[in-house]
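**Student:** Handing you this structure, nothing more for now.
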Amino acid sequence: MTSYLIKGARPCGGEPADILLTDGRIAAIGESLSATGAEVVEAAGLIALPGLVDLHTHLREPGREDAETVETGSRAAALGGFTAVHAMANTDPVADTAGVVEQVWRLGQEAGLVDVVPVGAVTVGLAGERLAELGAMADSAARVRVFSDDGHCVADPALMRRALEYVKAFDGVVAQHAEEPRLTVGAQMHEGDRSARLGLTGWPAAAEEAIIARDVLLAEHVGARLHVCHVSTAGSVEILRWAKSRGVQVTAEVTPHHLLLTDACAESYDPVFKVNPPLRTDADVEALRAGLADGTIDAVGTDHAPHAVEDKESEWAQARPGMLGLEQALAVVIETMVEPGRLDWAGVADRMSVRPAAIGRLDGLGDRSQGRPIAPGEPANLVLVDPAARATVDPAALASRSRNSPYAGRELPGRVVATFLRGTATVLDGKATR
Amino acid sequence: MARAPEPARSTAPGGAPGTLLTSADVARVVDRMAHQLIERAASGRAEDGADGGLADLVLVGIPTRGAPLARRLAARIEAFTGTRVDVGTADITLYRDDLRLRGVRALEPTVLPDAGIDGRLVVLVDDVLFSGRSVRAALDALRDLGRPRVVQLAVLVDRGHRELPIKADFVGKNVPTSRSQQVRVHLAEIDGADEVLVTDGEPGVREPRGEEAR
Amino acid sequence: MKRHLLEAADLDRADATLVLDTAAQIDQALAGREVKKLPTLRGRTVVNLFYEDSTRTRISFELAAKRLSADVINFSAKGSSVSKGESLKDTALTLEAMGADAVVVRHSSSGAPHRLANWVRGSVVNAGDGTHEHPTQALLDAYTIRQRLGRLEGVRVAIVGDVLHSRVARSNVGLLHTLGADVTLVAPPTLLPVGVGSWPAEVSYDLDAVLPKVDVVMMLRVQAERMNASFFPSAREYSRRYGLDARRMGVLPDDAIVMHPGPMNRGMEIAAEVADSARSTIVEQVANGVSTRMAVLYLLLGGAPA
């Protein structure tokens, strides 16, 4: 196995150091290291972060391999600096059995670019009616710990309560897609001034906030862990802040697009900006950034949602919701959080690696741990970022099989130069190695 | 680097730029045309056996400046003969075949006398006759507006360069021009004062102007 | 004028006035004529692309285009490749290949004309998109108001009914504001969009309080099905609170007019005796629709390079 000697990178933005990766682990960190036979990676000016962990990725396989596969999605993830992604359950068939989650897990192993961690469905077929075999998925080779009906809300409060309770048995967590379905019938975009003018049915902030409020109360009541997917409103941040102050075991993620974009994007009626939950207002964006900065929001989750061209090149209402995120997530966080001084590099490592790994219980897996500090003896999961580089996003150049990037034509900072998964380079010189 | 000598201006067929008709000239020309129209209406009665005479005549102005011109001619005819002559206007914009070149413009009114134009002597009135396309459009418009017995054409200035087999029956003044020149008719009702100017057009501009610059 | 007419905001005051003036000149030029046809758009192709049934709007556009001598192709979603799942984009490329100079589009999805405008070179005219806009309806309404009242500046207009789902309301609020009229929206709160406060219009829940102070009452169609989604308790209650009956018509100022974009639900938002009264402009609105759309087609296509 190739050893790598990374010269002069700044671990989490600290003082420059050399980092030696050998046999899948960080062998040494120090000044002027040398190692015979090691491939040298010149990293002066680059930031070293622990390999990023995504709690929220749609890889589309099985079922919509025309939009994305485990392999293409893994490559996109590696190019984005990720070493682990949680693959959402809304595939076809739905990942609601041990068989399907093991299939996805194996495909991830075969691709070998990131750890593909399957998420199990909470309810059979995402139908919201009865619990899927959560225990069987937890016990499978895929070792599922995160359960979610993402795309659908577990709307039935009794069912949600049972799910929260049940997964305690294997230290699982329910990741809720918070959307009161009766309040979002036909919803197309954030409900507000713009939806009124554009004639698009509104998705009220209260539909998200009502479910989050309900679920934190349920989680508190039964003493269970709750994770809230893609928080999108200022009110949600307030409820989370309140719940955390009460000691509720709740965590939350925000997507890169909700940190950067607003409902103004809908003015074009270009469905590349259609997403669920929808893009919100400037005030919401500000509250989300503040929430991520102060830790009320624990993690950045991409909600990477590839869609085939025909599902996006249509009328707004006919288009499917969702946008790509893996390859630009770090860039957006740099743009919205690091450059304005709201999060330092250690903070980025915390919100994009350490905390998401902990939520997914990936941090205590020995050699296969994710989200561990950059320290000797830890698994060699690293990403090297050039913070000074800026580039314009070209959807045609993305590794994802789909092209529905909301950042097309936008200049963003930060370039992922190299990614290492357990000591193996998955990305070098900004290019995927396989 | 030495510049190639420019072709001498005098090779152009046009006359010198400047004032072609003064305010007094315009008044005189309009009076003469009014007399010609009176004669024509009278002879028409004799020739065709039509019983109209001046009552048979309708002056139809082509906006913009043909419209006030038609009203002036009618006023002069009334002054000379004491007979009131019917006047109308026919906006031809929607009949033009060169909209794509010229772009759209606001429409002006089309107003015909209550008695209509069927069976009557219609004289179209315009300020400048150039390519003839405006007149062709006006003839098309007239066809939709009724069926005159005779249609004739009166223009204040004929500057040549016809692109269609069209000839004016009453001409205030014939003016040889070069194609690139512009003939501008100013009338008090619209422009504040009467005069007719010839100006040199932009070099290289071949687009017919004058008649079309309304 | 912009190349497309997608929403009222595409028209500034000068453009909107030009459309109304042009419509008036066309009306006057054609009045009393046997041959109601002009050669203006000879050789141009206008496609009526209707994804939603709307016979009256389609016929109005068809007549407008034909009176300007354009070639008209009616492309209705039913019985065409559209109903076989062809995407809007593929349809657009087909129309483009056929050389459509203008596409008049009616669609149930808000924003569909905006999408179409990205894919065709010709002009796109929005003939109603979802719950977004219907700009030519607003133009013909403004034309009708000006014809009846002689002005638009300062005219007080109440738009009454299902504003939430109404593209007519959205276009009228925008256009009437542009033209200097004062608009008041009257509806139960459930039928007003969240965010209506950002519109250039007053809002009232009380029809009786508004009626004595307006020059124009524009009644919107209210679908009885809305009561199934609890927008209001019953058709009867809606009609009692927001319907325009003879008693309410009686409190209008003397010269005030009553408008309705059609089709009407007689007995629901408007009583038959009101619809048929001398104040009603409903028949004029239909006639004015043709001349207004002729003006729009002329102004969009007349000067555009083929």
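To be explicit about the labels: the chains of the structure tokens are called A, B, and onward in the order shown, and within each one the residues are counted from 1, while ligands get numbers from 1 in the order they are shown.
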Residues of chain A within 7 Å of chain C: nearest atom pair and distance (Å, one decimal) for each, counting only C-alpha atoms, sorted by chain and number, as CSV?
**Tutor:**
residue,atom,partner,partner_atom,distance
A:Glu191,CA,C:Val194,CA,6.8
A:Gly192,CA,C:Gly195,CA,4.8
A:Asp193,CA,C:Gly195,CA,4.0
A:Ala196,CA,C:Pro193,CA,5.5
A:Leu198,CA,C:His132,CA,5.5
A:Gly199,CA,C:His132,CA,4.0
A:Leu200,CA,C:Ser110,CA,6.3
A:Tyr269,CA,C:Gly111,CA,5.6
A:Ser314,CA,C:Leu88,CA,6.3
A:Glu315,CA,C:Ala112,CA,5.2
A:Trp316,CA,C:Gly111,CA,6.9
A:Ala317,CA,C:Ser109,CA,6.1
**Student:** Could you list, as a count of residues only, every residue of chain C that has an atom within 9 Å of an atom of chain B, counting only C-alpha atoms?
**Tutor:** 31
**Student:** Write out as a ChimeraX atom specification the residues lying within 10 Å of segment 142-146 of chain C, counting only C-alpha atoms and excluding same-chain residues fewer than 3 positions away.
**Tutor:** /C:16-17,19-21,23-24,136-139,149-153,155,157,172,175-176,179,181,215-216,256-259,281-282,284-289,291-292
**Student:** Can you measure atom CA of Pro176 of chain B to atom CA of Asp191 of chain B for me? One decimal in Å is fine.
**Tutor:** 24.1 Å
**Student:** In Å, rounded to a single decimal, give me how far atom CA of Glu71 of chain A is from atom CA of Asp115 of chain A.
**Tutor:**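 If I compute the distance from atom CA of Asp115 of chain A to atom CA of Glu71 of chain A, I get 11.2 Å.
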**Student:** Using only C-alpha atoms, which residues sit within 8 Å of Pro93 of chain A once same-chain residues fewer than 3 positions away are excluded, as a list of chain:residue names?
**Tutor:**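 Near neighbours after the sequence-gap exclusion: A:Pro62, A:Gly63, A:Asn90, A:Val100, A:Gly125.
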**Student:** Find the residues near Ala65 of chain C: any atom within 9 Å, counting only C-alpha atoms, skip ones fewer than 2 places away on the same chain, and give them as a ChimeraX atom specification.
**Tutor:** /C:41,45-46,60-63,67-72,290,293-294,297-298
**Student:** Within 7 Å of Gly122 of chain C, counting only C-alpha atoms, which residues qualify if same-chain residues fewer than 5 places away don't, as a list in words?
**Tutor:**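 Close residues of Gly122 of chain C: Ala100, Asp101, Ala102 and Val103 of chain C.
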**Student:** For the selection you just gave me, I'd like the residues written to a file as a PDB file, in the first residue's frame, keeping N, CA, C and O atoms.
**Tutor:**
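Result went into again01.pdb, see below:
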ATOM      1  N   ALA C 100     -42.607  28.959 -35.890  1.00  0.00           N
ATOM      2  CA  ALA C 100     -43.648  29.781 -35.263  1.00  0.00           C
ATOM      3  C   ALA C 100     -43.076  31.153 -34.922  1.00  0.00           C
ATOM      4  O   ALA C 100     -42.028  31.261 -34.305  1.00  0.00           O
ATOM      5  N   ASP C 101     -43.770  32.205 -35.364  1.00  0.00           N
ATOM      6  CA  ASP C 101     -43.322  33.558 -35.028  1.00  0.00           C
ATOM      7  C   ASP C 101     -43.810  33.967 -33.654  1.00  0.00           C
ATOM      8  O   ASP C 101     -43.208  34.799 -32.988  1.00  0.00           O
ATOM      9  N   ALA C 102     -44.954  33.398 -33.256  1.00  0.00           N
ATOM     10  CA  ALA C 102     -45.458  33.665 -31.914  1.00  0.00           C
ATOM     11  C   ALA C 102     -46.116  32.402 -31.393  1.00  0.00           C
ATOM     12  O   ALA C 102     -46.728  31.651 -32.152  1.00  0.00           O
ATOM     13  N   VAL C 103     -45.967  32.177 -30.112  1.00  0.00           N
ATOM     14  CA  VAL C 103     -46.640  31.066 -29.461  1.00  0.00           C
ATOM     15  C   VAL C 103     -47.512  31.653 -28.359  1.00  0.00           C
ATOM     16  O   VAL C 103     -47.022  32.331 -27.455  1.00  0.00           O
TER      17      VAL C 103
END
**Student:** Which value, in Å to one decimal, gives the distance between atom CA of Arg159 of chain B and atom CA of Phe80 of chain B?
**Tutor:** 28.5 Å
**Student:** Determine which residues of segment 22-132 of chain B receive a DSSP assignment of strand (DSSP E), computed from the backbone, and state them as a PyMOL selection string.
**Tutor:** chain B and resi 57-61+86-89+121-129
**Student:** Near segment 49-54 of chain C, counting only C-alpha atoms, which residues have an atom at most 6 Å away, once you skip same-chain residues fewer than 6 positions from it, shown as a PyMOL selection string?
**Tutor:** chain C and resi 75-77+104-107
**Student:** As a PyMOL selection string, which residues of segment 54-243 of chain C does DSSP assign to alpha helix (DSSP H)?
**Tutor:** chain C and resi 55-67+88-98+112-119+135-149+167-178+207-210+235-242
**Student:** With only C-alpha atoms as the basis for distance, which of B:Asp56, B:Glu39, B:Asp25, B:Glu78 is at the shortest distance from Lys173 of chain B?
**Tutor:** B:Asp25
**Student:** Kindly indicate which residue among A:Arg225, A:Arg415, A:His152, A:Arg372 lies nearest to Val393 of chain A, using only C-alpha atoms for the distances.
**Tutor:** A:Arg415
